[in-house]
$ cat upload35.cif   # mmCIF, C-alpha atoms and all ligand atoms
data_run
#
loop_
_atom_site.label_atom_id
_atom_site.label_comp_id
_atom_site.auth_asym_id
_atom_site.auth_seq_id
_atom_site.Cartn_x
_atom_site.Cartn_y
_atom_site.Cartn_z
CA MET N 132 -8.46 20.41 15.59
CA LYS N 133 -9.81 16.89 15.74
CA SER N 134 -7.51 13.85 15.47
CA ILE N 135 -8.31 10.15 15.29
CA VAL N 136 -6.28 8.51 18.03
CA ILE N 137 -5.72 4.92 19.05
CA SER N 138 -5.07 5.66 22.71
CA GLN N 139 -4.31 2.01 23.48
CA PRO N 140 -4.95 -1.25 21.62
CA GLY N 141 -8.70 -1.56 21.03
CA VAL N 142 -9.54 2.04 21.97
CA LEU N 143 -10.28 4.54 19.20
CA ASP N 144 -11.11 8.14 20.10
CA ILE N 145 -11.66 11.35 18.23
CA GLN N 146 -9.72 13.84 20.33
CA GLN N 147 -9.49 17.60 20.36
CA HIS N 148 -5.82 18.64 19.99
CA GLU N 149 -4.02 21.96 19.64
CA ILE N 150 -3.22 22.67 15.98
CA PRO N 151 0.52 21.82 15.77
CA HIS N 152 3.23 24.13 14.43
CA PRO N 153 5.83 22.73 12.04
CA ASP N 154 9.43 22.31 13.21
CA GLU N 155 12.05 24.16 11.17
CA ASN N 156 12.27 21.47 8.47
CA GLU N 157 8.59 20.56 8.46
CA VAL N 158 5.43 21.61 6.70
CA ARG N 159 1.92 21.57 8.11
CA VAL N 160 -0.67 19.86 5.92
CA LYS N 161 -4.39 20.54 6.12
CA VAL N 162 -5.64 17.05 5.37
CA VAL N 163 -8.30 16.60 2.66
CA TYR N 164 -8.51 12.80 2.17
CA ALA N 165 -6.95 9.92 4.07
CA GLY N 166 -7.15 6.28 2.99
CA VAL N 167 -7.92 3.43 5.37
CA CYS N 168 -5.39 0.59 5.20
CA GLY N 169 -5.23 -2.85 6.80
CA SER N 170 -2.29 -1.65 8.87
CA ASP N 171 -4.45 1.05 10.51
CA VAL N 172 -6.78 -1.71 11.65
CA HIS N 173 -3.80 -3.74 12.90
CA ILE N 174 -2.60 -0.81 15.01
CA TYR N 175 -6.16 -0.38 16.33
CA HIS N 176 -6.23 -4.01 17.45
CA GLY N 177 -2.70 -3.98 18.85
CA HIS N 178 -1.40 -6.32 16.14
CA ASN N 179 1.36 -4.11 14.79
CA PRO N 180 4.61 -4.80 16.67
CA PHE N 181 6.07 -1.41 15.65
CA ALA N 182 3.21 0.78 16.91
CA ARG N 183 3.48 2.86 20.09
CA TYR N 184 0.40 4.31 21.78
CA PRO N 185 -1.30 6.76 21.91
CA ARG N 186 -1.03 7.17 18.16
CA VAL N 187 -2.74 9.29 15.49
CA ILE N 188 -2.95 6.66 12.73
CA GLY N 189 -3.12 7.11 8.95
CA HIS N 190 -0.28 6.94 6.43
CA GLU N 191 -2.13 7.45 3.13
CA PHE N 192 -3.09 11.10 2.94
CA PHE N 193 -3.44 14.08 0.66
CA GLY N 194 -3.80 17.72 1.67
CA VAL N 195 -2.66 21.29 1.22
CA ILE N 196 0.36 22.90 2.90
CA ASP N 197 -0.88 25.75 5.10
CA GLN N 198 2.22 26.56 7.16
CA VAL N 199 5.96 25.94 6.82
CA GLY N 200 8.87 25.72 9.25
CA ARG N 201 11.64 28.35 9.46
CA LEU N 202 13.93 26.58 6.97
CA VAL N 203 11.25 25.72 4.38
CA ALA N 204 10.45 27.99 1.39
CA PRO N 205 7.25 29.94 2.14
CA SER N 206 6.32 29.50 -1.54
CA LYS N 207 5.24 25.97 -0.61
CA ILE N 208 2.21 27.33 1.22
CA GLY N 209 -0.87 26.42 -0.80
CA GLN N 210 0.79 23.43 -2.52
CA ARG N 211 -1.29 20.29 -2.97
CA VAL N 212 0.77 17.44 -1.54
CA VAL N 213 0.78 13.76 -0.78
CA ILE N 214 2.90 12.40 2.03
CA ASP N 215 5.48 9.63 1.78
CA PRO N 216 5.24 7.93 5.19
CA VAL N 217 8.87 6.71 5.15
CA VAL N 218 11.08 8.88 7.36
CA SER N 219 14.71 7.75 7.28
CA CYS N 220 18.03 8.88 8.76
CA GLY N 221 19.95 9.17 5.48
CA LYS N 222 23.14 7.93 7.14
CA CYS N 223 22.94 4.17 7.72
CA TYR N 224 23.87 1.38 5.27
CA PRO N 225 20.36 0.85 3.78
CA CYS N 226 19.92 4.62 3.30
CA SER N 227 23.36 4.83 1.64
CA VAL N 228 22.33 2.25 -0.96
CA GLY N 229 18.99 3.90 -1.76
CA ARG N 230 16.85 1.75 0.54
CA PRO N 231 15.46 4.30 3.06
CA ASN N 232 12.40 2.06 3.48
CA VAL N 233 14.52 -0.31 5.58
CA CYS N 234 16.51 2.43 7.34
CA LEU N 235 18.01 1.29 10.65
CA ASN N 236 16.21 4.24 12.26
CA LEU N 237 13.00 3.93 10.22
CA GLN N 238 10.03 5.98 11.37
CA VAL N 239 6.78 5.40 9.52
CA ILE N 240 4.29 8.26 9.70
CA GLY N 241 1.07 6.91 11.22
CA VAL N 242 2.92 4.00 12.89
CA HIS N 243 6.02 5.22 14.76
CA ARG N 244 4.92 8.86 14.72
CA ASP N 245 1.61 10.65 14.38
CA GLY N 246 -0.11 10.34 11.04
CA GLY N 247 -2.75 11.77 8.77
CA PHE N 248 -6.08 10.85 10.37
CA SER N 249 -6.21 14.39 11.68
CA GLU N 250 -7.39 17.76 10.43
CA PHE N 251 -3.75 18.92 10.37
CA ALA N 252 -0.47 16.98 10.32
CA CYS N 253 3.14 18.21 10.53
CA VAL N 254 5.58 16.19 8.42
CA PRO N 255 9.18 16.63 7.16
CA ALA N 256 9.06 18.94 4.13
CA SER N 257 10.98 16.36 2.08
CA ASN N 258 8.18 13.82 2.63
CA ALA N 259 5.52 16.12 1.11
CA HIS N 260 5.36 15.59 -2.66
CA PHE N 261 3.78 18.15 -4.96
CA VAL N 262 0.68 16.90 -6.77
CA PRO N 263 -0.24 18.60 -10.08
CA GLU N 264 -3.80 19.95 -10.49
CA ALA N 265 -4.50 17.28 -13.12
CA ILE N 266 -4.58 14.62 -10.39
CA PRO N 267 -7.83 14.77 -8.40
CA ALA N 268 -7.49 14.86 -4.63
CA GLN N 269 -9.03 11.44 -4.10
CA HIS N 270 -6.64 9.82 -6.59
CA ALA N 271 -3.69 11.52 -4.88
CA ALA N 272 -4.72 9.90 -1.59
CA LEU N 273 -3.89 6.55 -3.27
CA VAL N 274 -0.31 7.39 -4.23
CA GLU N 275 0.94 5.52 -1.15
CA PRO N 276 -0.72 2.15 -1.89
CA PHE N 277 0.44 2.43 -5.52
CA SER N 278 3.98 3.20 -4.25
CA ILE N 279 4.00 -0.30 -2.72
CA ALA N 280 3.26 -1.71 -6.18
CA ALA N 281 5.93 0.56 -7.67
CA ASN N 282 8.45 -0.75 -5.17
CA ILE N 283 7.82 -4.45 -5.66
CA THR N 284 7.80 -4.09 -9.45
CA ALA N 285 11.09 -2.18 -9.28
CA GLN N 286 12.54 -5.34 -7.75
CA LEU N 287 10.86 -7.74 -10.19
CA LYS N 288 11.54 -5.79 -13.40
CA PRO N 289 8.46 -6.92 -15.36
CA THR N 290 8.65 -7.11 -19.16
CA ALA N 291 6.14 -7.50 -21.98
CA GLN N 292 7.14 -11.19 -22.15
CA ASP N 293 5.96 -11.97 -18.65
CA ILE N 294 3.12 -14.29 -17.76
CA ALA N 295 2.13 -12.83 -14.39
CA LEU N 296 0.24 -14.29 -11.47
CA VAL N 297 -1.00 -12.02 -8.67
CA TYR N 298 -2.27 -13.49 -5.41
CA GLY N 299 -4.83 -11.34 -3.60
CA ALA N 300 -7.37 -8.90 -5.02
CA GLY N 301 -7.36 -6.48 -2.10
CA PRO N 302 -6.03 -2.93 -2.51
CA MET N 303 -2.44 -4.20 -2.78
CA GLY N 304 -3.11 -6.87 -5.37
CA LEU N 305 -5.25 -4.50 -7.44
CA ALA N 306 -2.55 -1.82 -7.38
CA VAL N 307 0.03 -4.41 -8.46
CA ILE N 308 -2.25 -5.64 -11.28
CA GLN N 309 -2.67 -2.11 -12.63
CA VAL N 310 1.05 -1.44 -12.56
CA LEU N 311 1.94 -4.77 -14.20
CA LYS N 312 -0.63 -4.34 -16.96
CA ASN N 313 -0.84 -0.61 -17.57
CA VAL N 314 2.75 0.45 -16.91
CA PHE N 315 4.80 -2.63 -17.85
CA GLY N 316 2.37 -4.27 -20.28
CA VAL N 317 2.92 -7.88 -19.18
CA ALA N 318 1.72 -10.35 -21.81
CA HIS N 319 -0.83 -12.19 -19.67
CA LEU N 320 -1.99 -11.64 -16.11
CA VAL N 321 -3.88 -14.04 -13.90
CA ALA N 322 -5.32 -12.84 -10.59
CA THR N 323 -6.39 -15.16 -7.83
CA ASP N 324 -8.24 -14.68 -4.55
CA ARG N 325 -10.17 -16.85 -2.13
CA VAL N 326 -13.11 -14.42 -2.11
CA ILE N 327 -14.77 -14.71 -5.49
CA ASP N 328 -16.56 -11.37 -5.12
CA ARG N 329 -13.21 -9.59 -5.02
CA LEU N 330 -12.16 -10.85 -8.43
CA GLY N 331 -14.47 -8.58 -10.47
CA ARG N 332 -12.34 -5.60 -9.54
CA ALA N 333 -9.22 -7.53 -10.63
CA LEU N 334 -10.71 -7.78 -14.13
CA GLU N 335 -11.49 -4.05 -14.07
CA CYS N 336 -7.85 -3.41 -13.16
CA GLY N 337 -6.67 -5.29 -16.23
CA ALA N 338 -6.35 -8.96 -15.24
CA ASP N 339 -6.81 -11.18 -18.31
CA LYS N 340 -8.12 -14.06 -16.25
CA VAL N 341 -9.31 -14.58 -12.68
CA VAL N 342 -9.13 -17.91 -10.92
CA THR N 343 -10.27 -18.77 -7.39
CA ASN N 344 -7.45 -20.25 -5.39
CA GLN N 345 -8.68 -23.72 -4.58
CA ASP N 346 -5.32 -25.30 -5.25
CA ALA N 347 -6.26 -27.38 -8.26
CA ASP N 348 -7.74 -24.43 -10.14
CA LEU N 349 -4.45 -22.59 -10.50
CA PHE N 350 -2.43 -25.66 -11.47
CA ASP N 351 -5.17 -26.67 -13.91
CA TYR N 352 -5.34 -23.23 -15.36
CA PHE N 353 -1.63 -22.93 -16.13
CA LYS N 354 -1.52 -26.51 -17.41
CA LYS N 355 -4.28 -25.76 -19.89
CA TYR N 356 -2.78 -22.37 -20.71
CA GLY N 357 0.41 -24.18 -21.67
CA ARG N 358 2.88 -21.84 -19.98
CA ALA N 359 3.92 -21.36 -16.38
CA PRO N 360 3.94 -17.95 -14.70
CA THR N 361 7.26 -16.16 -15.11
CA LEU N 362 6.48 -13.45 -12.55
CA ILE N 363 4.46 -14.01 -9.38
CA VAL N 364 3.46 -11.44 -6.77
CA ASP N 365 2.05 -12.53 -3.44
CA ALA N 366 -0.23 -9.67 -2.37
CA ALA N 367 -2.38 -12.01 -0.27
CA CYS N 368 0.49 -12.87 2.05
CA HIS N 369 -0.72 -16.14 3.49
CA PRO N 370 2.35 -18.18 4.58
CA SER N 371 1.21 -21.15 2.45
CA ILE N 372 1.46 -19.20 -0.78
CA LEU N 373 5.23 -19.14 -1.27
CA GLN N 374 5.36 -22.92 -1.54
CA GLN N 375 2.63 -22.94 -4.16
CA ALA N 376 4.25 -20.05 -6.03
CA VAL N 377 7.59 -21.89 -6.14
CA GLU N 378 5.82 -24.95 -7.52
CA LEU N 379 3.89 -22.99 -10.15
CA ALA N 380 6.71 -20.73 -11.32
CA SER N 381 8.47 -21.11 -14.65
CA PRO N 382 12.21 -21.82 -14.61
CA ALA N 383 14.01 -18.45 -14.42
CA GLY N 384 10.86 -16.97 -12.86
CA ARG N 385 10.74 -14.22 -10.23
CA ILE N 386 8.58 -14.18 -7.14
CA GLY N 387 7.81 -11.08 -5.08
CA ILE N 388 6.61 -11.34 -1.50
CA MET N 389 5.38 -8.58 0.79
CA GLY N 390 3.90 -10.30 3.84
CA PHE N 391 4.79 -9.83 7.50
CA SER N 392 3.59 -13.12 8.96
CA ASP N 393 6.06 -14.68 11.38
CA GLU N 394 4.84 -18.18 10.50
CA SER N 395 7.32 -20.28 8.55
CA CYS N 396 6.93 -21.01 4.85
CA ILE N 397 7.94 -24.50 3.77
CA VAL N 398 9.97 -24.45 0.58
CA SER N 399 12.85 -26.68 -0.39
CA GLN N 400 16.15 -25.50 -1.83
CA LYS N 401 15.72 -27.97 -4.67
CA ASP N 402 12.43 -26.43 -5.78
CA ILE N 403 14.02 -23.01 -5.88
CA THR N 404 17.46 -23.85 -7.25
CA SER N 405 16.44 -26.39 -9.86
CA LYS N 406 14.48 -23.64 -11.61
CA GLU N 407 16.94 -20.92 -10.57
CA LEU N 408 14.08 -18.81 -9.20
CA SER N 409 14.64 -15.33 -7.82
CA ILE N 410 12.68 -14.39 -4.73
CA PHE N 411 12.39 -10.69 -3.87
CA SER N 412 10.75 -9.00 -0.94
CA SER N 413 9.47 -5.47 -0.74
CA ARG N 414 8.62 -3.24 2.21
CA LEU N 415 6.85 0.12 1.92
CA ASN N 416 8.60 2.17 -0.78
CA SER N 417 12.01 3.61 -1.43
CA ALA N 418 11.44 7.09 -2.89
CA ARG N 419 8.83 5.93 -5.41
CA PHE N 420 6.32 8.78 -4.90
CA PRO N 421 7.54 10.88 -7.87
CA LEU N 422 7.25 7.83 -10.13
CA VAL N 423 3.68 7.09 -9.04
CA ILE N 424 2.70 10.76 -9.40
CA ASP N 425 4.09 10.60 -12.96
CA TRP N 426 2.08 7.47 -13.70
CA MET N 427 -1.06 9.15 -12.36
CA SER N 428 -0.39 12.32 -14.39
CA GLY N 429 -0.03 10.13 -17.48
CA GLU N 430 -3.32 8.40 -16.63
CA LYS N 431 -1.66 5.01 -16.46
CA LEU N 432 -3.44 4.14 -13.23
CA ASN N 433 -7.12 3.95 -12.40
CA PRO N 434 -7.44 4.62 -8.66
CA ASP N 435 -11.24 4.88 -8.94
CA VAL N 436 -11.57 1.09 -9.26
CA LEU N 437 -10.09 0.73 -5.78
CA ILE N 438 -12.14 3.46 -4.07
CA THR N 439 -15.41 1.88 -2.97
CA HIS N 440 -16.47 4.17 -0.12
CA LYS N 441 -16.04 7.62 1.38
CA PHE N 442 -16.89 8.52 4.97
CA ASP N 443 -16.75 11.77 6.89
CA PHE N 444 -13.77 11.38 9.26
CA ASN N 445 -16.12 11.64 12.25
CA GLN N 446 -17.53 8.28 11.09
CA VAL N 447 -14.14 6.54 11.34
CA GLY N 448 -15.49 3.89 13.75
CA VAL N 449 -18.18 2.86 11.27
CA ALA N 450 -15.65 3.01 8.42
CA LEU N 451 -13.13 0.70 10.16
CA ASP N 452 -15.87 -1.74 11.10
CA PHE N 453 -17.12 -1.82 7.52
CA PHE N 454 -13.58 -2.19 6.17
CA GLU N 455 -12.91 -5.20 8.36
CA ASN N 456 -16.20 -6.99 7.99
CA LYS N 457 -17.26 -6.46 4.37
CA PRO N 458 -14.25 -7.51 2.26
CA ALA N 459 -16.44 -8.42 -0.70
CA GLU N 460 -18.04 -4.97 -0.99
CA CYS N 461 -15.25 -2.89 0.38
CA CYS N 462 -11.82 -2.11 -1.02
CA LYS N 463 -10.29 1.33 -0.36
CA ILE N 464 -12.21 3.64 1.99
CA LEU N 465 -11.37 7.34 2.03
CA LEU N 466 -11.99 9.50 5.09
CA GLU N 467 -13.03 13.02 4.13
CA PHE N 468 -11.86 16.00 6.15
CA PRO N 469 -14.27 18.80 5.22
CA GLY N 470 -12.54 22.09 4.34
P1 LIG N 501 -6.50 -7.51 1.89
O1 LIG N 501 -6.71 -8.32 3.10
O2 LIG N 501 -7.53 -6.51 1.49
O3 LIG N 501 -6.23 -8.46 0.63
C1 LIG N 501 -5.70 -9.73 0.71
C2 LIG N 501 -6.50 -10.63 -0.20
O4 LIG N 501 -5.87 -11.89 -0.29
C3 LIG N 501 -7.93 -10.88 0.30
O5 LIG N 501 -8.85 -10.53 -0.71
C4 LIG N 501 -7.94 -12.37 0.62
O6 LIG N 501 -9.19 -12.97 0.35
C5 LIG N 501 -6.86 -12.90 -0.31
N1 LIG N 501 -6.25 -14.16 0.11
C6 LIG N 501 -5.91 -14.58 1.34
N2 LIG N 501 -5.36 -15.78 1.31
C7 LIG N 501 -5.31 -16.17 0.01
C8 LIG N 501 -4.84 -17.31 -0.67
N3 LIG N 501 -4.29 -18.35 -0.02
N4 LIG N 501 -4.97 -17.34 -2.02
C9 LIG N 501 -5.52 -16.31 -2.68
N5 LIG N 501 -5.99 -15.21 -2.09
C10 LIG N 501 -5.89 -15.14 -0.75
O7 LIG N 501 -5.09 -6.77 2.12
P2 LIG N 501 -4.28 -5.66 1.27
O8 LIG N 501 -4.47 -4.33 1.90
O9 LIG N 501 -4.55 -5.80 -0.17
O10 LIG N 501 -2.82 -6.11 1.62
C11 LIG N 501 -2.37 -7.38 1.23
C12 LIG N 501 -1.18 -7.82 2.04
O11 LIG N 501 -0.08 -6.99 1.77
C13 LIG N 501 -1.38 -7.79 3.57
O12 LIG N 501 -0.93 -9.02 4.10
C14 LIG N 501 -0.49 -6.68 4.04
O13 LIG N 501 0.08 -6.94 5.30
C15 LIG N 501 0.57 -6.67 2.98
N6 LIG N 501 1.16 -5.35 2.79
C16 LIG N 501 2.50 -5.29 2.64
C17 LIG N 501 3.10 -4.09 2.42
C18 LIG N 501 4.55 -4.04 2.22
O14 LIG N 501 5.06 -2.94 2.05
N7 LIG N 501 5.28 -5.12 2.19
C19 LIG N 501 2.34 -2.84 2.38
C20 LIG N 501 0.93 -3.02 2.47
C21 LIG N 501 0.36 -4.24 2.68
MN MN N 502 -1.23 1.48 3.39
#
$ encode --input "upload35.cif" --output "structure tokens"
Amino acid sequence: MKSIVISQPGVLDIQQHEIPHPDENEVRVKVVYAGVCGSDVHIYHGHNPFARYPRVIGHEFFGVIDQVGRLVAPSKIGQRVVIDPVVSCGKCYPCSVGRPNVCLNLQVIGVHRDGGFSEFACVPASNAHFVPEAIPAQHAALVEPFSIAANITAQLKPTAQDIALVYGAGPMGLAVIQVLKNVFGVAHLVATDRVIDRLGRALECGADKVVTNQDADLFDYFKKYGRAPTLIVDAACHPSILQQAVELASPAGRIGIMGFSDESCIVSQKDITSKELSIFSSRLNSARFPLVIDWMSGEKLNPDVLITHKFDFNQVGVALDFFENKPAECCKILLEFPG
């Protein structure tokens, strides 16, 4: 089989590997579609502190189970599945309180262990989630990015009263917008990005208003609108955003952050406490795949808005280059693994 391997930072190869056999608690997945994510590019460039090389990347993938380990029910063979990349120990404190995504022994498929940019991938059976026929394969490949939105909204508990502001109209921001509007029905949603060409997709995802983030615009907008945002999600993750979000937020507002920058954010206690703001963070997802699959089955989500391109997996070099250099045209790219 062929696998896409980052053999060391900056070096991407398509390698010929033996088809693996699942361990006793694993299933083998014949991959159909795999989504390209910013974190794949970070691993490629050596910018992900958790990655070890050589690594088969890819953590957003859909396929069909074609072999099972000794302790896994053979009836699973032939199941259409999507893979939760979070592998946890089940024993530590975070696992014991339902937060396997921050397990002390966390292993992320495609980061700490080999992932889905491969014709076949072996994964723990409990990470492979059944996908009903009603969900097309290419939508199923987007369950993982939507699980990030499911996780941050589980922290923020949106309601129909909320005036929402979402920073960033990349795949993450767009997934968050869809979940806030289509699942939780927030009253009003403003999306902001620095790249104006990315904001059209935010409207298609359900944003009521898009505003470019040249500071004054956002403050002006909410001033004219007459109400401050009660729920803010930073899916752009620039370190300067938290300060602005704290300033913009309504008293009793909630702010969700998901960035990994190690630069400091400058916010004062007074600005947070005087409005009694709640600030949540969210990493990956804690067992949210079934929820997202339910939302997709109920047609609450529209993954097609995010999918801008498909490439044969042999073209991965071209796909990654395009992904990095054409942010206006490009949102989610799927790699196709021909049957
Ligand atoms: P992306 O790079 O496609 O989207 C980010 C968007 O934010 C871009 O369109 C950019 O123009 C915009 N932006 C940057 N600075 C801005 C500012 N000051 N104001 C307004 N817009 C601004 O990335 P993607 O894939 O959508 O991911 C977004 C972020 O989420 C990344 O930083 C990524 O590391 C993070 N992330 C976090 C996860 C988690 O579990 N916590 C999971 C996946 C991604
Ligand atoms: Mn991803």
$ residues_near_ligand --input "upload35.cif" --ligand "ligand MN 502 (chain N)" --cutoff "12 Å" --atoms "only C-alpha atoms and all ligand atoms" --output "PDB file with C-alpha atoms, in the coordinates of the input"
ATOM      1  CA  ALA N 165      -6.950   9.920   4.070  1.00  0.00           C
ATOM      2  CA  GLY N 166      -7.150   6.280   2.990  1.00  0.00           C
ATOM      3  CA  VAL N 167      -7.920   3.430   5.370  1.00  0.00           C
ATOM      4  CA  CYS N 168      -5.390   0.590   5.200  1.00  0.00           C
ATOM      5  CA  GLY N 169      -5.230  -2.850   6.800  1.00  0.00           C
ATOM      6  CA  SER N 170      -2.290  -1.650   8.870  1.00  0.00           C
ATOM      7  CA  ASP N 171      -4.450   1.050  10.510  1.00  0.00           C
ATOM      8  CA  VAL N 172      -6.780  -1.710  11.650  1.00  0.00           C
ATOM      9  CA  HIS N 173      -3.800  -3.740  12.900  1.00  0.00           C
ATOM     10  CA  ILE N 174      -2.600  -0.810  15.010  1.00  0.00           C
ATOM     11  CA  ILE N 188      -2.950   6.660  12.730  1.00  0.00           C
ATOM     12  CA  GLY N 189      -3.120   7.110   8.950  1.00  0.00           C
ATOM     13  CA  HIS N 190      -0.280   6.940   6.430  1.00  0.00           C
ATOM     14  CA  GLU N 191      -2.130   7.450   3.130  1.00  0.00           C
ATOM     15  CA  PHE N 192      -3.090  11.100   2.940  1.00  0.00           C
ATOM     16  CA  ILE N 214       2.900  12.400   2.030  1.00  0.00           C
ATOM     17  CA  ASP N 215       5.480   9.630   1.780  1.00  0.00           C
ATOM     18  CA  PRO N 216       5.240   7.930   5.190  1.00  0.00           C
ATOM     19  CA  VAL N 217       8.870   6.710   5.150  1.00  0.00           C
ATOM     20  CA  VAL N 239       6.780   5.400   9.520  1.00  0.00           C
ATOM     21  CA  ILE N 240       4.290   8.260   9.700  1.00  0.00           C
ATOM     22  CA  GLY N 241       1.070   6.910  11.220  1.00  0.00           C
ATOM     23  CA  VAL N 242       2.920   4.000  12.890  1.00  0.00           C
ATOM     24  CA  GLY N 246      -0.110  10.340  11.040  1.00  0.00           C
ATOM     25  CA  GLY N 247      -2.750  11.770   8.770  1.00  0.00           C
ATOM     26  CA  ALA N 272      -4.720   9.900  -1.590  1.00  0.00           C
ATOM     27  CA  LEU N 273      -3.890   6.550  -3.270  1.00  0.00           C
ATOM     28  CA  VAL N 274      -0.310   7.390  -4.230  1.00  0.00           C
ATOM     29  CA  GLU N 275       0.940   5.520  -1.150  1.00  0.00           C
ATOM     30  CA  PRO N 276      -0.720   2.150  -1.890  1.00  0.00           C
ATOM     31  CA  PHE N 277       0.440   2.430  -5.520  1.00  0.00           C
ATOM     32  CA  SER N 278       3.980   3.200  -4.250  1.00  0.00           C
ATOM     33  CA  ILE N 279       4.000  -0.300  -2.720  1.00  0.00           C
ATOM     34  CA  ALA N 280       3.260  -1.710  -6.180  1.00  0.00           C
ATOM     35  CA  GLY N 301      -7.360  -6.480  -2.100  1.00  0.00           C
ATOM     36  CA  PRO N 302      -6.030  -2.930  -2.510  1.00  0.00           C
ATOM     37  CA  MET N 303      -2.440  -4.200  -2.780  1.00  0.00           C
ATOM     38  CA  ALA N 306      -2.550  -1.820  -7.380  1.00  0.00           C
ATOM     39  CA  ARG N 414       8.620  -3.240   2.210  1.00  0.00           C
ATOM     40  CA  LEU N 415       6.850   0.120   1.920  1.00  0.00           C
ATOM     41  CA  ASN N 416       8.600   2.170  -0.780  1.00  0.00           C
ATOM     42  CA  LYS N 463     -10.290   1.330  -0.360  1.00  0.00           C
ATOM     43  CA  ILE N 464     -12.210   3.640   1.990  1.00  0.00           C
ATOM     44  CA  LEU N 465     -11.370   7.340   2.030  1.00  0.00           C
TER      45      LEU N 465
END
$ residues_near_ligand --input "upload35.cif" --ligand "ligand LIG 501 (chain N)" --cutoff "8 Å" --atoms "all atoms listed in the file" --output "VMD selection string"
chain N and resid 168 to 170 276 279 298 to 305 323 to 326 329 343 to 345 365 to 369 371 to 372 388 to 392 412 to 416 458 to 459 462
$ atom_distance --input "upload35.cif" --atom1 "atom CA of N:Val341" --atom2 "atom CA of N:Val297"
9.6 Å
$ atom_distance --input "upload35.cif" --atom1 "atom CA of N:Ser405" --atom2 "atom CA of N:Pro382"
7.8 Å
$ residues_around --input "upload35.cif" --residues "N:Phe442" --least-positions-apart "2" --cutoff "9 Å" --atoms "all atoms listed in the file" --output "ChimeraX atom specification"
/N:440,444-447,449-450,464-467
$ atom_distance --input "upload35.cif" --atom1 "atom CA of N:His260" --atom2 "atom CA of N:Phe193"
9.5 Å
$ residues_near_point --input "upload35.cif" --point "(0.2, -22.3, -5.1)" --cutoff "10 Å" --atoms "only C-alpha atoms" --output "list in words"
Tyr298, Asn344, Gln345, Asp346, Ala347, Asp348, Leu349, Phe350, Ser371, Ile372, Leu373, Gln374, Gln375, Ala376, Val377, Glu378, Leu379 and Ala380 of chain N
$ write_last_selection --input "upload35.cif" --atoms "C-alpha atoms" --output "short mmCIF file (atom, residue, chain, number, x, y, z; two decimals), in the frame of the given file"
data_model
loop_
_atom_site.label_atom_id
_atom_site.label_comp_id
_atom_site.auth_asym_id
_atom_site.auth_seq_id
_atom_site.Cartn_x
_atom_site.Cartn_y
_atom_site.Cartn_z
CA TYR N 298 -2.27 -13.49 -5.41
CA ASN N 344 -7.45 -20.25 -5.39
CA GLN N 345 -8.68 -23.72 -4.58
CA ASP N 346 -5.32 -25.30 -5.25
CA ALA N 347 -6.26 -27.38 -8.26
CA ASP N 348 -7.74 -24.43 -10.14
CA LEU N 349 -4.45 -22.59 -10.50
CA PHE N 350 -2.43 -25.66 -11.47
CA SER N 371 1.21 -21.15 2.45
CA ILE N 372 1.46 -19.20 -0.78
CA LEU N 373 5.23 -19.14 -1.27
CA GLN N 374 5.36 -22.92 -1.54
CA GLN N 375 2.63 -22.94 -4.16
CA ALA N 376 4.25 -20.05 -6.03
CA VAL N 377 7.59 -21.89 -6.14
CA GLU N 378 5.82 -24.95 -7.52
CA LEU N 379 3.89 -22.99 -10.15
CA ALA N 380 6.71 -20.73 -11.32
#
$ residues_around --input "upload35.cif" --residues "N:Gly387" --least-positions-apart "6" --cutoff "9 Å" --atoms "all atoms listed in the file" --output "short mmCIF file (atom, residue, chain, number, x, y, z; two decimals) with C-alpha atoms, in the coordinates of the input"
data_model
loop_
_atom_site.label_atom_id
_atom_site.label_comp_id
_atom_site.auth_asym_id
_atom_site.auth_seq_id
_atom_site.Cartn_x
_atom_site.Cartn_y
_atom_site.Cartn_z
CA ILE N 283 7.82 -4.45 -5.66
CA THR N 284 7.80 -4.09 -9.45
CA GLN N 286 12.54 -5.34 -7.75
CA LEU N 287 10.86 -7.74 -10.19
CA LEU N 362 6.48 -13.45 -12.55
CA ILE N 363 4.46 -14.01 -9.38
CA VAL N 364 3.46 -11.44 -6.77
CA ASP N 365 2.05 -12.53 -3.44
CA ALA N 366 -0.23 -9.67 -2.37
CA SER N 409 14.64 -15.33 -7.82
CA ILE N 410 12.68 -14.39 -4.73
CA PHE N 411 12.39 -10.69 -3.87
CA SER N 412 10.75 -9.00 -0.94
CA SER N 413 9.47 -5.47 -0.74
#
$ residues_around --input "upload35.cif" --residues "N:His319" --least-positions-apart "5" --cutoff "9 Å" --atoms "all atoms listed in the file" --output "list in words"
Ala291, Gln292, Asp293, Ile294, Ala295, Leu296, Lys312, Ala338, Asp339, Lys340 and Pro360 of chain N
$ residues_near_point --input "upload35.cif" --point "(17.6, 5.3, 11.3)" --cutoff "10 Å" --atoms "only C-alpha atoms" --output "list in words"
Val218, Ser219, Cys220, Gly221, Lys222, Cys223, Tyr224, Pro225, Cys226, Pro231, Asn232, Val233, Cys234, Leu235, Asn236, Leu237 and Gln238 of chain N
$ closest_residue --input "upload35.cif" --among "N:Ser138, N:Asp154, N:Tyr175, N:Trp426" --to "N:Asp452" --atoms "all atoms listed in the file"
N:Tyr175
$ residues_around --input "upload35.cif" --residues "N:Val158" --least-positions-apart "6" --cutoff "7 Å" --atoms "only C-alpha atoms" --output "list in words"
Ile196, Gln198, Val199, Gly200, Cys253, Val254, Pro255 and Ala256 of chain N
$ closest_residue --input "upload35.cif" --among "N:Val203, N:Val195, N:Leu451, N:Ile327" --to "N:Gly141" --atoms "all atoms listed in the file"
N:Leu451
$ closest_residue --input "upload35.cif" --among "N:Ala285, N:Leu202, N:Val212, N:Val342" --to "N:Gln269" --atoms "only C-alpha atoms"
N:Val212
